[in-house]
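A.B. asks: Structure file work-v2.csv (CSV, C-alpha atoms and all ligand atoms) is given on the next line.
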```
chain,number,residue,atom,x,y,z
L,1,SER,CA,28.7,-126.1,38.3
L,2,GLY,CA,26.9,-124.0,35.6
L,3,VAL,CA,24.2,-124.9,33.1
L,4,TRP,CA,24.3,-126.9,29.9
L,5,ALA,CA,22.8,-125.6,26.7
L,6,VAL,CA,21.1,-127.7,24.1
L,7,VAL,CA,21.4,-126.1,20.6
L,8,PRO,CA,18.9,-127.4,18.0
L,9,ALA,CA,20.7,-127.2,14.7
L,10,ALA,CA,19.0,-130.0,12.7
L,11,GLY,CA,16.8,-127.8,10.5
L,12,ARG,CA,17.2,-127.3,6.8
L,13,GLY,CA,16.7,-123.6,6.8
L,14,ALA,CA,14.3,-123.8,3.9
L,15,ARG,CA,13.1,-120.1,4.2
L,16,ALA,CA,16.7,-118.8,4.1
L,17,GLY,CA,17.5,-120.4,0.7
L,18,GLY,CA,21.1,-120.9,-0.3
L,19,GLU,CA,23.3,-124.0,-0.9
L,20,LEU,CA,24.2,-124.6,2.7
L,21,PRO,CA,21.7,-125.1,5.6
L,22,LYS,CA,21.4,-121.6,7.1
L,23,GLN,CA,23.3,-122.5,10.3
L,24,TYR,CA,26.4,-123.1,8.2
L,25,GLN,CA,26.2,-120.0,6.0
L,26,PRO,CA,28.9,-117.5,6.7
L,27,LEU,CA,28.5,-114.4,8.8
L,28,LEU,CA,31.6,-112.2,8.9
L,29,GLY,CA,33.5,-115.1,7.5
L,30,ARG,CA,32.5,-117.8,10.0
L,31,PRO,CA,29.6,-120.2,10.0
L,32,MET,CA,26.6,-118.9,11.8
L,33,ILE,CA,26.6,-121.8,14.2
L,34,GLU,CA,30.1,-120.9,15.3
L,35,HIS,CA,28.9,-117.4,16.4
L,36,THR,CA,26.0,-119.0,18.3
L,37,LEU,CA,28.0,-121.7,20.0
L,38,ARG,CA,30.8,-119.3,21.0
L,39,ALA,CA,28.4,-116.8,22.4
L,40,LEU,CA,27.1,-119.5,24.7
L,41,ALA,CA,30.4,-121.3,25.5
L,42,ALA,CA,32.2,-118.0,26.3
L,43,HIS,CA,29.8,-117.2,29.1
L,44,PRO,CA,31.1,-118.2,32.5
L,45,ARG,CA,27.9,-119.8,33.7
L,46,ILE,CA,27.6,-122.2,30.7
L,47,ALA,CA,29.0,-125.6,31.6
L,48,GLY,CA,28.8,-127.3,28.2
L,49,LEU,CA,26.9,-127.6,24.9
L,50,VAL,CA,24.8,-130.3,23.2
L,51,VAL,CA,24.5,-129.5,19.5
L,52,VAL,CA,21.7,-131.3,17.7
L,53,LEU,CA,22.6,-132.1,14.1
L,54,ALA,CA,20.6,-133.5,11.2
L,55,ALA,CA,21.2,-137.2,10.5
L,56,ASN,CA,22.7,-136.3,7.1
L,57,ASP,CA,24.8,-133.3,8.3
L,58,VAL,CA,28.1,-133.3,6.4
L,59,HIS,CA,29.0,-129.7,7.4
L,60,TRP,CA,29.5,-130.0,11.2
L,61,PRO,CA,33.2,-129.2,11.9
L,62,GLY,CA,33.5,-131.8,14.7
L,63,TRP,CA,34.2,-129.5,17.6
L,64,ARG,CA,34.7,-131.4,20.9
L,65,GLU,CA,35.2,-128.2,22.8
L,66,LEU,CA,34.8,-124.5,22.3
L,67,GLU,CA,36.0,-121.7,24.6
L,68,GLY,CA,37.2,-124.4,27.0
L,69,LYS,CA,33.7,-126.0,27.3
L,70,PRO,CA,32.8,-129.5,26.3
L,71,VAL,CA,30.7,-129.9,23.2
L,72,ARG,CA,28.6,-133.0,22.6
L,73,THR,CA,26.4,-133.8,19.6
L,74,ALA,CA,23.1,-135.6,19.1
L,75,ILE,CA,21.0,-136.5,16.1
L,76,GLY,CA,17.8,-134.5,15.7
L,77,GLY,CA,14.4,-135.4,14.3
L,78,ALA,CA,11.7,-134.2,12.0
L,79,GLU,CA,10.3,-131.5,14.3
L,80,ARG,CA,12.1,-129.1,16.5
L,81,ALA,CA,10.7,-130.8,19.6
L,82,ASP,CA,12.2,-134.1,18.5
L,83,SER,CA,15.6,-132.4,18.1
L,84,VAL,CA,15.4,-130.8,21.6
L,85,LEU,CA,14.4,-134.2,23.1
L,86,ALA,CA,17.4,-135.9,21.5
L,87,GLY,CA,19.6,-133.1,22.8
L,88,LEU,CA,18.2,-133.5,26.4
L,89,ASP,CA,19.0,-137.3,26.1
L,90,ALA,CA,22.6,-136.5,25.3
L,91,LEU,CA,23.1,-134.3,28.4
L,92,PRO,CA,25.6,-135.6,31.0
L,93,GLY,CA,24.2,-137.3,34.1
L,94,LYS,CA,22.9,-135.0,36.7
L,95,ILE,CA,25.3,-133.4,39.1
L,96,ALA,CA,24.4,-131.0,41.9
L,97,GLY,CA,23.2,-127.6,40.6
L,98,THR,CA,22.6,-128.8,37.0
L,99,ASP,CA,18.9,-129.5,37.1
L,100,PHE,CA,18.2,-126.6,34.7
L,101,VAL,CA,19.0,-126.6,31.0
L,102,LEU,CA,19.0,-123.9,28.4
L,103,VAL,CA,17.7,-124.4,24.9
L,104,HIS,CA,19.0,-121.9,22.2
L,105,ASP,CA,18.4,-121.8,18.5
L,106,ALA,CA,21.5,-122.3,16.3
L,107,ALA,CA,19.8,-119.6,14.1
L,108,ARG,CA,20.2,-116.9,16.8
L,109,PRO,CA,23.9,-116.0,16.5
L,110,CYS,CA,23.6,-112.5,18.0
L,111,LEU,CA,22.9,-113.5,21.6
L,112,SER,CA,24.6,-111.2,24.1
L,113,HIS,CA,26.0,-112.1,27.5
L,114,ARG,CA,23.8,-109.4,29.0
L,115,ASP,CA,20.7,-111.3,27.8
L,116,LEU,CA,22.1,-114.6,29.1
L,117,ASP,CA,22.8,-112.9,32.4
L,118,ALA,CA,19.2,-111.6,32.6
L,119,LEU,CA,17.8,-115.0,31.8
L,120,LEU,CA,20.0,-116.8,34.3
L,121,ASP,CA,19.5,-114.2,37.0
L,122,GLY,CA,15.8,-114.5,36.7
L,123,GLU,CA,15.8,-117.4,39.2
L,124,ALA,CA,12.3,-118.6,38.0
L,125,PRO,CA,11.5,-122.0,39.4
L,126,GLN,CA,9.1,-122.7,36.6
L,127,GLY,CA,11.5,-121.7,34.0
L,128,ALA,CA,12.0,-118.6,31.9
L,129,LEU,CA,12.5,-117.4,28.3
L,130,LEU,CA,13.9,-114.3,26.6
L,131,ALA,CA,11.2,-112.3,24.8
L,132,VAL,CA,10.7,-108.9,23.2
L,133,PRO,CA,7.6,-106.7,23.6
L,134,LEU,CA,5.9,-106.1,20.3
L,135,ALA,CA,6.6,-102.8,18.6
L,136,ASP,CA,4.1,-102.8,15.7
L,137,THR,CA,0.3,-102.3,15.7
L,138,LEU,CA,-1.3,-105.7,15.1
L,139,LYS,CA,-4.1,-106.4,12.7
L,140,ARG,CA,-6.2,-109.5,12.4
L,141,ALA,CA,-7.0,-110.2,8.8
L,142,ASP,CA,-10.4,-111.2,7.6
L,143,ALA,CA,-10.8,-114.0,5.0
L,144,ASP,CA,-10.8,-111.4,2.3
L,145,GLY,CA,-7.5,-109.8,3.4
L,146,ARG,CA,-9.0,-106.7,4.9
L,147,VAL,CA,-8.6,-105.6,8.5
L,148,GLY,CA,-11.0,-107.5,10.7
L,149,ALA,CA,-9.7,-106.1,13.9
L,150,THR,CA,-6.9,-104.3,15.6
L,151,VAL,CA,-5.4,-106.5,18.3
L,152,PRO,CA,-4.3,-104.6,21.4
L,153,ARG,CA,-0.6,-105.1,21.7
L,154,ALA,CA,-0.4,-104.6,25.4
L,155,GLY,CA,0.9,-107.7,27.1
L,156,LEU,CA,2.0,-109.4,23.8
L,157,TRP,CA,5.6,-110.6,23.4
L,158,ARG,CA,7.7,-112.3,20.8
L,159,ALA,CA,9.3,-115.4,22.3
L,160,SER,CA,13.0,-115.9,21.5
L,161,THR,CA,15.7,-118.1,23.0
L,162,PRO,CA,17.5,-119.1,25.1
L,163,GLN,CA,14.8,-120.6,27.2
L,164,CYS,CA,15.6,-122.1,30.6
L,165,PHE,CA,13.7,-125.0,32.2
L,166,PRO,CA,14.1,-127.8,34.7
L,167,ARG,CA,15.5,-130.5,32.4
L,168,ASP,CA,13.3,-133.4,33.5
L,169,ALA,CA,10.1,-131.4,33.5
L,170,LEU,CA,11.0,-130.1,30.0
L,171,ALA,CA,11.6,-133.6,28.6
L,172,GLN,CA,8.3,-134.7,30.1
L,173,ALA,CA,6.4,-131.8,28.7
L,174,LEU,CA,7.9,-132.2,25.2
L,175,ARG,CA,7.0,-136.0,25.3
L,176,ALA,CA,3.5,-135.2,26.5
L,177,ALA,CA,2.9,-132.7,23.6
L,178,LYS,CA,4.2,-135.2,21.1
L,179,ALA,CA,2.0,-138.0,22.5
L,180,ALA,CA,-1.0,-135.6,22.2
L,181,GLY,CA,-0.1,-134.8,18.6
L,182,VAL,CA,0.5,-131.1,19.4
L,183,THR,CA,3.3,-129.4,17.5
L,184,VAL,CA,5.0,-127.0,19.9
L,185,THR,CA,7.1,-124.2,18.3
L,186,ASP,CA,9.1,-123.5,21.4
L,187,GLU,CA,9.9,-125.1,24.7
L,188,ALA,CA,7.8,-122.6,26.7
L,189,MET,CA,4.7,-123.8,24.8
L,190,ALA,CA,5.3,-127.4,25.9
L,191,MET,CA,5.8,-126.2,29.5
L,192,GLU,CA,2.7,-124.1,29.4
L,193,ARG,CA,0.7,-127.1,28.2
L,194,ALA,CA,2.1,-129.0,31.1
L,195,GLY,CA,0.8,-126.4,33.6
L,196,PHE,CA,3.9,-124.4,34.2
L,197,ARG,CA,4.1,-120.6,34.0
L,198,PRO,CA,7.5,-119.6,32.6
L,199,ALA,CA,8.7,-116.1,33.3
L,200,LEU,CA,9.1,-113.7,30.4
L,201,ILE,CA,12.5,-112.0,30.6
L,202,GLU,CA,12.9,-108.9,28.4
L,203,GLY,CA,15.7,-109.5,25.9
L,204,ALA,CA,17.4,-107.4,23.2
L,205,ALA,CA,15.6,-107.0,19.8
L,206,ASP,CA,19.1,-107.7,18.4
L,207,ASN,CA,18.8,-111.4,19.2
L,208,ILE,CA,17.1,-112.1,15.9
L,209,LYS,CA,16.4,-115.5,14.4
L,210,VAL,CA,18.0,-115.6,11.0
L,211,THR,CA,15.1,-116.9,8.9
L,212,THR,CA,15.0,-115.2,5.5
L,213,PRO,CA,17.7,-114.1,3.1
L,214,ARG,CA,17.6,-110.5,4.2
L,215,ASP,CA,18.4,-111.5,7.8
L,216,PHE,CA,22.0,-112.5,7.0
L,217,ALA,CA,23.1,-108.9,6.3
L,218,LEU,CA,21.2,-107.7,9.4
L,219,ALA,CA,22.9,-110.4,11.5
L,220,GLU,CA,26.3,-109.4,10.2
L,221,PHE,CA,25.6,-105.8,11.0
L,222,LEU,CA,24.5,-106.7,14.6
L,223,LEU,CA,27.5,-109.0,15.1
L,224,ALA,CA,30.0,-106.4,13.8
L,225,ARG,CA,28.5,-103.7,16.0
L,226,ARG,CA,28.5,-106.0,19.1
L,227,ALA,CA,32.2,-106.8,18.6
L,228,LEU,CA,33.2,-103.2,19.0
L,301,LIG,N1,15.6,-127.2,14.2
L,301,LIG,C1,16.0,-128.5,14.6
L,301,LIG,N2,15.3,-129.6,14.2
L,301,LIG,C2,14.2,-129.4,13.4
L,301,LIG,C3,13.7,-128.1,13.0
L,301,LIG,C4,14.5,-127.0,13.4
L,301,LIG,O1,17.0,-128.6,15.3
L,301,LIG,N3,13.5,-130.5,13.0
L,301,LIG,C5,16.3,-126.0,14.6
L,301,LIG,C6,16.9,-125.2,13.5
L,301,LIG,O2,18.1,-125.8,13.0
L,301,LIG,C7,17.1,-123.8,14.1
L,301,LIG,C8,16.0,-123.8,15.2
L,301,LIG,O3,15.5,-125.1,15.4
L,301,LIG,O4,18.3,-123.6,14.7
L,301,LIG,C9,14.8,-122.8,14.8
L,301,LIG,O5,14.1,-123.3,13.7
L,301,LIG,P1,13.9,-122.5,12.3
L,301,LIG,O6,14.4,-121.1,12.5
L,301,LIG,O7,12.6,-122.8,11.9
L,301,LIG,O8,15.0,-123.3,11.4
L,301,LIG,P2,14.7,-124.2,10.2
L,301,LIG,O9,13.6,-125.2,10.5
L,301,LIG,O10,16.1,-124.8,9.8
L,301,LIG,O11,14.3,-123.2,9.0
L,301,LIG,P3,13.0,-123.4,8.1
L,301,LIG,O12,11.8,-123.5,9.0
L,301,LIG,O13,13.0,-122.1,7.3
L,301,LIG,O14,13.3,-124.6,7.2
L,302,MG,MG,11.7,-124.5,10.9
```
Represent the structure from my file as structure tokens, please.
Ligand code: CTP
Ligand code: MG

C.D. replies:
Amino acid sequence: SGVWAVVPAAGRGARAGGELPKQYQPLLGRPMIEHTLRALAAHPRIAGLVVVLAANDVHWPGWRELEGKPVRTAIGGAERADSVLAGLDALPGKIAGTDFVLVHDAARPCLSHRDLDALLDGEAPQGALLAVPLADTLKRADADGRVGATVPRAGLWRASTPQCFPRDALAQALRAAKAAGVTVTDEAMAMERAGFRPALIEGAADNIKVTTPRDFALAEFLLARRAL
């Protein structure tokens, strides 16, 4: 048994700049997506991967397996939720013990097995996500760019991935959000709209989403340190 992971990788990486979409830019000499996919596939409880690619992707290396795990592909859509839905459709048919699915950003190459274990050990029937408690003091800006209020940080988390949900409930929740015209920025938001209460599992702050140009050097540092 084991759980399949859907990896949305159909974005353009506009904020990251560069010639290549960010998921294909090199980190320590290998495309970012290779770090991400290997981190998942090398974990003993991952059964296989569905990688969601842009329709015009010419950079995908065509892997059919990684670390001994099957790799499937799907074609993504305009929004992240469209890409995740396409990935869910490409999962293999259900077999016993595979009713949960993970969703993990291609742009989070620094995922550790310790975090994956924490997520999978959570045994949350309504699903779970990795998240990091906020460190900074939060300010709400007024219209004129001055401090309007200090927002208490207690109880606030930054949502990351992987996120783990019952696959049918997740597909239904994503479709419902889309039908309602609501853009969900992560899977947990769709589940929350559908009445579920996903568990927050504290993950490492190292599991960054590579977003801006400066994040590449940070990701390389974190990957190099992890390899030691
Ligand atoms: N993603 C996707 N399909 C989309 C949009 C995003 O599969 N229509 C994926 C990205 O490839 C990425 C993950 O979702 O792995 C998180 O999205 P984000 O960090 O926003 O990546 P991009 O959308 O590519 O970056 P940007 O928003 O800067 O263009
Ligand atoms: Mg984006």

A.B. asks: May I ask which of the residues L:Ala10, L:Ala199, L:Leu66, L:Leu129 is the closest one to ligand LIG 301 (chain L), counting only C-alpha atoms and all ligand atoms?

C.D. replies: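 Checking each candidate against ligand LIG 301 (chain L), we get L:Ala10 as the closest.
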
A.B. asks: For segment 55-57 of chain L, find every residue with an atom within 12 Å (counting all atoms listed in the file), except residues of its own chain fewer than 3 positions away, and show them as a list in words.

C.D. replies: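 Listed by chain and then number, they are Ala9, Ala10, Gly11, Arg12, Leu20, Pro21, Gln23, Tyr24, Val51, Val52, Trp60, Pro61, Gly62, Thr73, Ala74, Ile75, Gly76, Gly77, Ala78, Ser83 and Ala86 of chain L.
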
A.B. asks: Kindly indicate which residue among L:Leu170, L:Val84, L:Ala177, L:Ala106 lies nearest to ligand LIG 301 (chain L), using all atoms listed in the file for the distances.

C.D. replies: L:Ala106

A.B. asks: What's the separation between atom CA of Ala90 of chain L and atom CA of Val3 of chain L, in Å to one decimal place?

C.D. replies: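 Between atom CA of Ala90 of chain L and atom CA of Val3 of chain L the gap is 14.1 Å.
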
A.B. asks: Please identify all protein, DNA and RNA residues within 9 Å of ligand MG 302 (chain L), counting only C-alpha atoms and all ligand atoms, and report them as a VMD selection string.

C.D. replies: chain L and resid 11 to 15 79 to 80 185 211

A.B. asks: Counting all atoms listed in the file, which of L:Asp186, L:Glu65, L:Asp89, L:Glu220 gets nearest to ligand LIG 301 (chain L)?

C.D. replies: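 Smallest distance to ligand LIG 301 (chain L) is found for L:Asp186.
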
A.B. asks: Output requested as a PDB file, in the coordinates of the input - segment 3-30 of chain L, filled out with N, CA and C atoms.

C.D. replies:
```pdb
ATOM      1  N   VAL L   3      25.335-124.266  33.825  1.00  0.00           N
ATOM      2  CA  VAL L   3      24.200-124.900  33.100  1.00  0.00           C
ATOM      3  C   VAL L   3      24.605-125.314  31.733  1.00  0.00           C
ATOM      4  N   TRP L   4      24.093-126.466  31.310  1.00  0.00           N
ATOM      5  CA  TRP L   4      24.300-126.900  29.900  1.00  0.00           C
ATOM      6  C   TRP L   4      23.303-126.282  29.012  1.00  0.00           C
ATOM      7  N   ALA L   5      23.716-126.118  27.759  1.00  0.00           N
ATOM      8  CA  ALA L   5      22.800-125.600  26.700  1.00  0.00           C
ATOM      9  C   ALA L   5      22.632-126.613  25.631  1.00  0.00           C
ATOM     10  N   VAL L   6      21.387-126.827  25.255  1.00  0.00           N
ATOM     11  CA  VAL L   6      21.100-127.700  24.100  1.00  0.00           C
ATOM     12  C   VAL L   6      20.797-126.714  22.919  1.00  0.00           C
ATOM     13  N   VAL L   7      21.477-126.945  21.803  1.00  0.00           N
ATOM     14  CA  VAL L   7      21.400-126.100  20.600  1.00  0.00           C
ATOM     15  C   VAL L   7      20.799-126.848  19.452  1.00  0.00           C
ATOM     16  N   PRO L   8      19.488-126.724  19.198  1.00  0.00           N
ATOM     17  CA  PRO L   8      18.900-127.400  18.000  1.00  0.00           C
ATOM     18  C   PRO L   8      19.469-126.782  16.738  1.00  0.00           C
ATOM     19  N   ALA L   9      20.096-127.628  15.924  1.00  0.00           N
ATOM     20  CA  ALA L   9      20.700-127.200  14.700  1.00  0.00           C
ATOM     21  C   ALA L   9      20.439-128.205  13.572  1.00  0.00           C
ATOM     22  N   ALA L  10      19.290-128.857  13.664  1.00  0.00           N
ATOM     23  CA  ALA L  10      19.000-130.000  12.700  1.00  0.00           C
ATOM     24  C   ALA L  10      18.006-129.557  11.649  1.00  0.00           C
ATOM     25  N   GLY L  11      17.698-128.274  11.549  1.00  0.00           N
ATOM     26  CA  GLY L  11      16.800-127.800  10.500  1.00  0.00           C
ATOM     27  C   GLY L  11      17.442-127.633   9.178  1.00  0.00           C
ATOM     28  N   ARG L  12      16.629-127.468   8.143  1.00  0.00           N
ATOM     29  CA  ARG L  12      17.200-127.300   6.800  1.00  0.00           C
ATOM     30  C   ARG L  12      17.316-125.834   6.402  1.00  0.00           C
ATOM     31  N   GLY L  13      16.639-124.958   7.119  1.00  0.00           N
ATOM     32  CA  GLY L  13      16.700-123.600   6.800  1.00  0.00           C
ATOM     33  C   GLY L  13      16.065-123.271   5.406  1.00  0.00           C
ATOM     34  N   ALA L  14      14.921-123.869   5.169  1.00  0.00           N
ATOM     35  CA  ALA L  14      14.300-123.800   3.900  1.00  0.00           C
ATOM     36  C   ALA L  14      13.954-122.299   3.493  1.00  0.00           C
ATOM     37  N   ARG L  15      13.500-121.529   4.475  1.00  0.00           N
ATOM     38  CA  ARG L  15      13.100-120.100   4.200  1.00  0.00           C
ATOM     39  C   ARG L  15      14.301-119.247   3.893  1.00  0.00           C
ATOM     40  N   ALA L  16      15.483-119.655   4.324  1.00  0.00           N
ATOM     41  CA  ALA L  16      16.700-118.800   4.100  1.00  0.00           C
ATOM     42  C   ALA L  16      17.277-118.999   2.744  1.00  0.00           C
ATOM     43  N   GLY L  17      16.932-120.101   2.061  1.00  0.00           N
ATOM     44  CA  GLY L  17      17.500-120.400   0.700  1.00  0.00           C
ATOM     45  C   GLY L  17      19.007-120.632   0.857  1.00  0.00           C
ATOM     46  N   GLY L  18      19.673-120.682  -0.267  1.00  0.00           N
ATOM     47  CA  GLY L  18      21.100-120.900  -0.300  1.00  0.00           C
ATOM     48  C   GLY L  18      21.488-122.361  -0.381  1.00  0.00           C
ATOM     49  N   GLU L  19      22.755-122.605  -0.699  1.00  0.00           N
ATOM     50  CA  GLU L  19      23.300-124.000  -0.900  1.00  0.00           C
ATOM     51  C   GLU L  19      23.371-124.692   0.437  1.00  0.00           C
ATOM     52  N   LEU L  20      23.937-123.995   1.413  1.00  0.00           N
ATOM     53  CA  LEU L  20      24.200-124.600   2.700  1.00  0.00           C
ATOM     54  C   LEU L  20      22.953-124.409   3.617  1.00  0.00           C
ATOM     55  N   PRO L  21      22.712-125.336   4.554  1.00  0.00           N
ATOM     56  CA  PRO L  21      21.700-125.100   5.600  1.00  0.00           C
ATOM     57  C   PRO L  21      22.104-123.744   6.288  1.00  0.00           C
ATOM     58  N   LYS L  22      21.112-122.948   6.681  1.00  0.00           N
ATOM     59  CA  LYS L  22      21.400-121.600   7.100  1.00  0.00           C
ATOM     60  C   LYS L  22      22.414-121.519   8.260  1.00  0.00           C
ATOM     61  N   GLN L  23      22.378-122.518   9.158  1.00  0.00           N
ATOM     62  CA  GLN L  23      23.300-122.500  10.300  1.00  0.00           C
ATOM     63  C   GLN L  23      24.746-122.596   9.932  1.00  0.00           C
ATOM     64  N   TYR L  24      25.006-123.006   8.686  1.00  0.00           N
ATOM     65  CA  TYR L  24      26.400-123.100   8.200  1.00  0.00           C
ATOM     66  C   TYR L  24      26.763-122.012   7.229  1.00  0.00           C
ATOM     67  N   GLN L  25      25.820-121.156   6.885  1.00  0.00           N
ATOM     68  CA  GLN L  25      26.200-120.000   6.000  1.00  0.00           C
ATOM     69  C   GLN L  25      27.024-119.039   6.752  1.00  0.00           C
ATOM     70  N   PRO L  26      27.980-118.412   6.029  1.00  0.00           N
ATOM     71  CA  PRO L  26      28.900-117.500   6.700  1.00  0.00           C
ATOM     72  C   PRO L  26      28.328-116.205   7.156  1.00  0.00           C
ATOM     73  N   LEU L  27      28.744-115.760   8.344  1.00  0.00           N
ATOM     74  CA  LEU L  27      28.500-114.400   8.800  1.00  0.00           C
ATOM     75  C   LEU L  27      29.848-113.868   9.248  1.00  0.00           C
ATOM     76  N   LEU L  28      30.259-112.758   8.673  1.00  0.00           N
ATOM     77  CA  LEU L  28      31.600-112.200   8.900  1.00  0.00           C
ATOM     78  C   LEU L  28      32.671-113.283   8.803  1.00  0.00           C
ATOM     79  N   GLY L  29      32.499-114.174   7.826  1.00  0.00           N
ATOM     80  CA  GLY L  29      33.500-115.100   7.500  1.00  0.00           C
ATOM     81  C   GLY L  29      33.541-116.414   8.332  1.00  0.00           C
ATOM     82  N   ARG L  30      32.604-116.544   9.255  1.00  0.00           N
ATOM     83  CA  ARG L  30      32.500-117.800  10.000  1.00  0.00           C
ATOM     84  C   ARG L  30      31.110-118.330   9.968  1.00  0.00           C
TER      85      ARG L  30
END
```
